[in-house]
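For reference, the structure is listed below as structure tokens.
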Amino acid sequence: MRIPRVLLGALLCGCAQPTEPLYDTSVLSADSLYVAHGNPSSGFENPWLRDPKSLWGVLRWWVFSRNPYDKSAEPRVPRVANDGASLSGVEHSSSLVWVGHATWAIHDAEDVVLTDPHFGPRALIPSRLMQPGVPVEAVPGDALAVVSHNHYDHLDAWTVEHLPDTVAWFVPKGLAAWFRERGREQVVELDWWESARHGRWEITCLPSQHWSRRIEHGTNTTLWCAWLLDSGDATYFFAGDTGYFHGFREYGRRFDIDVALLPIGAYEPRWFMKYSHMDPAEAYQAYLDLGASHMAAMHWGTFDLTDEPADLPPRVLQQVVRRRGGDPERVRVFAIGERWHLPNPRERAE
């Protein structure tokens, strides 16, 4: 139904009304990633570029525009059986399991790290298209989890309440109280460029180009971020939810990244989504900017959020990689539930 998804667009997705091109990242300096990003009158902001969302943008998209895509067919999203039993053991290298959407289970030696864990049945309004790649009960009690922002497809109350209360949470500024209200006391709140230690892990909160809103939170009253997760043996960049911006080049300059977990879906229409969500071509460029050894694609196939079919983004990504002469072995598209071992040695994207 069309009208209820007007509400979805306002609550869940980046809202924008610019015409192409939205901006030229070549004119944005790295210095803008380090300046103040809190505005006393309007909450948090991306200091390098104003967020152009508007109520008219929501109405233009959901009421006055026509979706050019045929979405009558059921999306074809691959899935492999995975009972999650491997998460309870010790991984003698490093592996990733795609749980779905932006949720990964990183298994590095004896540690399990979850990104934007979402095992619940819906994201406010949209129901899951595919069940989680591993059961929530498989997550060990000593796992740690990072959350990129408070949108419903990335922060799920059902999941938080069903994961063990011993999970250690790392969240952007302003979100710790939400977790404590749900009895989750092991929560560390970080600002951009702040780091924390958890065992052998160094966990760093980095700028991303997004925004925040939730029924219980006002617009941009809590921060959004990407995460750099360094176990000492491998380094993972988790982008969360973001538009393409100059920060990727800066992170590529500063960090050695083994695998970049990058969103490729929920990108149409571009005039509306460009500020907040990357399309597959932008995600591939972000991977090159980061200089990561491998890219793992996410944020597709789990929730139907935008105009493009839920199974289209990986096909577009594969076309982009071929057109640009990239190595398809280094740009990974997973089945839900698929487990992949990170190869060695480290080799960077060129």
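Numbering starts fresh at 1 for the residues of each chain in the structure tokens, the chains themselves are lettered A, B, ... in the order given, and ligands are numbered from 1 as they appear.
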
Each residue of region 64-120 of chain A lying at most 6 Å from region 156-178 of chain A should get a row with its shortest atom-to-atom pair and the distance in Å to one decimal, counting only C-alpha atoms; could you produce that, ordered by chain and increasing number, as JSON lines?
{"residue": "A:His118", "atom": "CA", "partner": "A:Asp156", "partner_atom": "CA", "distance": 5.7}
{"residue": "A:Phe119", "atom": "CA", "partner": "A:Thr159", "partner_atom": "CA", "distance": 5.5}
{"residue": "A:Gly120", "atom": "CA", "partner": "A:Thr159", "partner_atom": "CA", "distance": 5.6}

>> Just list as a ChimeraX atom specification whatever in region 167-265 of chain A DSSP marks as strand (DSSP E).
In response: /A:168-172,187-190,195-198,201-206,226-230,235-238,259-263

With C-alpha atoms retained, could you export that selection as a JSON list (two decimals), in the first residue's frame?
[["chain", "number", "residue", "atom", "x", "y", "z"],
["A", 168, "ALA", "CA", 28.69, -5.65, 24.92],
["A", 169, "TRP", "CA", 27.27, -2.80, 22.80],
["A", 170, "PHE", "CA", 29.13, 0.04, 21.11],
["A", 171, "VAL", "CA", 26.89, 2.84, 19.89],
["A", 172, "PRO", "CA", 27.17, 6.40, 18.56],
["A", 187, "VAL", "CA", 27.01, -0.16, 26.46],
["A", 188, "VAL", "CA", 29.77, 2.23, 25.40],
["A", 189, "GLU", "CA", 28.83, 5.45, 23.66],
["A", 190, "LEU", "CA", 31.36, 7.05, 21.30],
["A", 195, "SER", "CA", 38.02, 4.69, 20.17],
["A", 196, "ALA", "CA", 37.45, 2.11, 22.87],
["A", 197, "ARG", "CA", 39.15, -1.17, 23.76],
["A", 198, "HIS", "CA", 37.34, -4.44, 24.30],
["A", 201, "TRP", "CA", 39.73, -5.20, 19.84],
["A", 202, "GLU", "CA", 40.14, -1.51, 19.10],
["A", 203, "ILE", "CA", 36.76, -0.09, 18.08],
["A", 204, "THR", "CA", 36.70, 3.32, 16.42],
["A", 205, "CYS", "CA", 33.65, 5.46, 15.63],
["A", 206, "LEU", "CA", 34.03, 7.26, 12.29],
["A", 226, "ALA", "CA", 30.70, 3.97, 10.57],
["A", 227, "TRP", "CA", 32.94, 1.61, 12.56],
["A", 228, "LEU", "CA", 36.53, 0.47, 12.23],
["A", 229, "LEU", "CA", 36.99, -2.86, 14.01],
["A", 230, "ASP", "CA", 40.60, -3.92, 14.54],
["A", 235, "THR", "CA", 40.70, -4.89, 10.31],
["A", 236, "TYR", "CA", 37.07, -4.55, 9.27],
["A", 237, "PHE", "CA", 35.39, -1.37, 8.05],
["A", 238, "PHE", "CA", 31.64, -1.37, 8.59],
["A", 259, "VAL", "CA", 37.49, -6.13, 4.35],
["A", 260, "ALA", "CA", 35.03, -3.29, 3.75],
["A", 261, "LEU", "CA", 31.38, -4.05, 4.56],
["A", 262, "LEU", "CA", 29.54, -1.66, 2.26],
["A", 263, "PRO", "CA", 25.84, -1.04, 1.50]]

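Residues in contact with Ile257 (chain A) at up to 10 Å, not including ones fewer than 5 positions away on its chain and judged by only C-alpha atoms, are A:Leu228, A:Leu229, A:Asp230, A:Ala234, A:Thr235, A:Tyr236, A:Phe237, A:Tyr251, A:Gly252, A:Tyr287, A:Leu290, A:Gly291, A:Ala292, A:Ser293, A:His294, A:Met295, A:Arg346, A:Glu347, A:Arg348, A:Ala349.
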
> What's the 10 Å shell around Ala105 (chain A), counting only C-alpha atoms, without same-chain residues fewer than 2 positions away, as a ChimeraX atom specification?
Replying inline: /A:84,87,95-100,103,107-108,111-117,133-134,139,143-145,337,339

>> Which residues are close to His151 (chain A), i.e. within 7 Å by only C-alpha atoms, leaving aside same-chain residues fewer than 2 positions away? Reply as a PyMOL selection string.
In response: chain A and resi 12+149+153-155+212-214

For region 242-340 of chain A against region 45-64 of chain A, with a cut-off of 9 Å and counting only C-alpha atoms, what is the closest atom pair and its distance in Å to one decimal for every residue that makes the cut, ordered by chain and number, as JSON lines?
{"residue": "A:Pro269", "atom": "CA", "partner": "A:Trp61", "partner_atom": "CA", "distance": 7.9}
{"residue": "A:Phe272", "atom": "CA", "partner": "A:Gly57", "partner_atom": "CA", "distance": 6.8}
{"residue": "A:Tyr275", "atom": "CA", "partner": "A:Asp51", "partner_atom": "CA", "distance": 7.2}
{"residue": "A:Ser276", "atom": "CA", "partner": "A:Asp51", "partner_atom": "CA", "distance": 8.7}

Selection above as a file: N, CA and C atoms, as an mmCIF file, in the first residue's frame:
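Okay, result11.cif is ready:
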data_model
loop_
_atom_site.group_PDB
_atom_site.id
_atom_site.type_symbol
_atom_site.label_atom_id
_atom_site.label_comp_id
_atom_site.auth_asym_id
_atom_site.auth_seq_id
_atom_site.Cartn_x
_atom_site.Cartn_y
_atom_site.Cartn_z
ATOM 1 N N PRO A 269 14.643 6.288 -5.808
ATOM 2 C CA PRO A 269 15.226 7.104 -6.877
ATOM 3 C C PRO A 269 16.458 7.871 -6.387
ATOM 4 N N PHE A 272 16.372 11.281 -4.653
ATOM 5 C CA PHE A 272 15.882 11.235 -3.280
ATOM 6 C C PHE A 272 16.888 10.593 -2.334
ATOM 7 N N TYR A 275 21.919 11.371 -1.095
ATOM 8 C CA TYR A 275 22.595 11.921 0.083
ATOM 9 C C TYR A 275 22.830 10.849 1.143
ATOM 10 N N SER A 276 21.880 9.940 1.306
ATOM 11 C CA SER A 276 21.897 9.011 2.439
ATOM 12 C C SER A 276 22.300 7.590 2.106
#

Assign secondary structure with DSSP using the backbone only, and return the residues of region 75-168 of chain A in helix (DSSP H, G or I) as an mmCIF file with C-alpha atoms, in the first residue's frame.
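What landed in out_28.cif:
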data_model
loop_
_atom_site.group_PDB
_atom_site.id
_atom_site.type_symbol
_atom_site.label_atom_id
_atom_site.label_comp_id
_atom_site.auth_asym_id
_atom_site.auth_seq_id
_atom_site.Cartn_x
_atom_site.Cartn_y
_atom_site.Cartn_z
ATOM 1 C CA ALA A 85 26.899 -23.646 15.544
ATOM 2 C CA SER A 86 30.294 -22.433 14.314
ATOM 3 C CA LEU A 87 29.880 -19.198 16.296
ATOM 4 C CA SER A 88 30.295 -21.079 19.574
ATOM 5 C CA VAL A 136 19.465 -15.309 17.198
ATOM 6 C CA GLU A 137 19.927 -18.091 19.769
ATOM 7 C CA ALA A 138 23.283 -18.979 18.153
ATOM 8 C CA ALA A 157 14.307 -3.463 19.762
ATOM 9 C CA TRP A 158 13.147 -7.074 19.315
ATOM 10 C CA THR A 159 16.718 -8.124 18.579
ATOM 11 C CA VAL A 160 18.219 -6.222 21.489
ATOM 12 C CA GLU A 161 15.719 -7.839 23.844
ATOM 13 C CA HIS A 162 16.336 -11.356 22.452
#

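Of the listed residues (A:Ala30, A:Val333, A:Ala297, A:Cys225), A:Cys225 comes nearest to Trp192 (chain A); the distances count only C-alpha atoms.
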
>> What's around Pro280 (chain A) at 7 Å? Count only C-alpha atoms, leave out sequence neighbours fewer than 3 positions away in its own chain, and write the answer as a PyMOL selection string.
In response: chain A and resi 264+283-284+313+316-317

> Distance CA of Ser93 (chain A)-CA of Asp258 (chain A), one decimal place?
Replying inline: 12.8 Å

> Within 7 Å of Asp289 (chain A), counting only C-alpha atoms, which residues qualify if same-chain residues fewer than 3 places away don't, as an NGL selection string?
Replying inline: :A and (248-249 or 252 or 285-286)

Save the residues we just selected, C-alpha atoms, as a PDB file, in the first residue's frame?
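Result file follows (selection-v2.pdb):
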ATOM      1  CA  PHE A 248      36.252   7.028   2.313  1.00  0.00           C
ATOM      2  CA  ARG A 249      39.402   8.515   0.788  1.00  0.00           C
ATOM      3  CA  GLY A 252      41.896   4.688   2.998  1.00  0.00           C
ATOM      4  CA  GLN A 285      34.143   3.501  -5.665  1.00  0.00           C
ATOM      5  CA  ALA A 286      34.063   3.654  -1.859  1.00  0.00           C
TER       6      ALA A 286
END
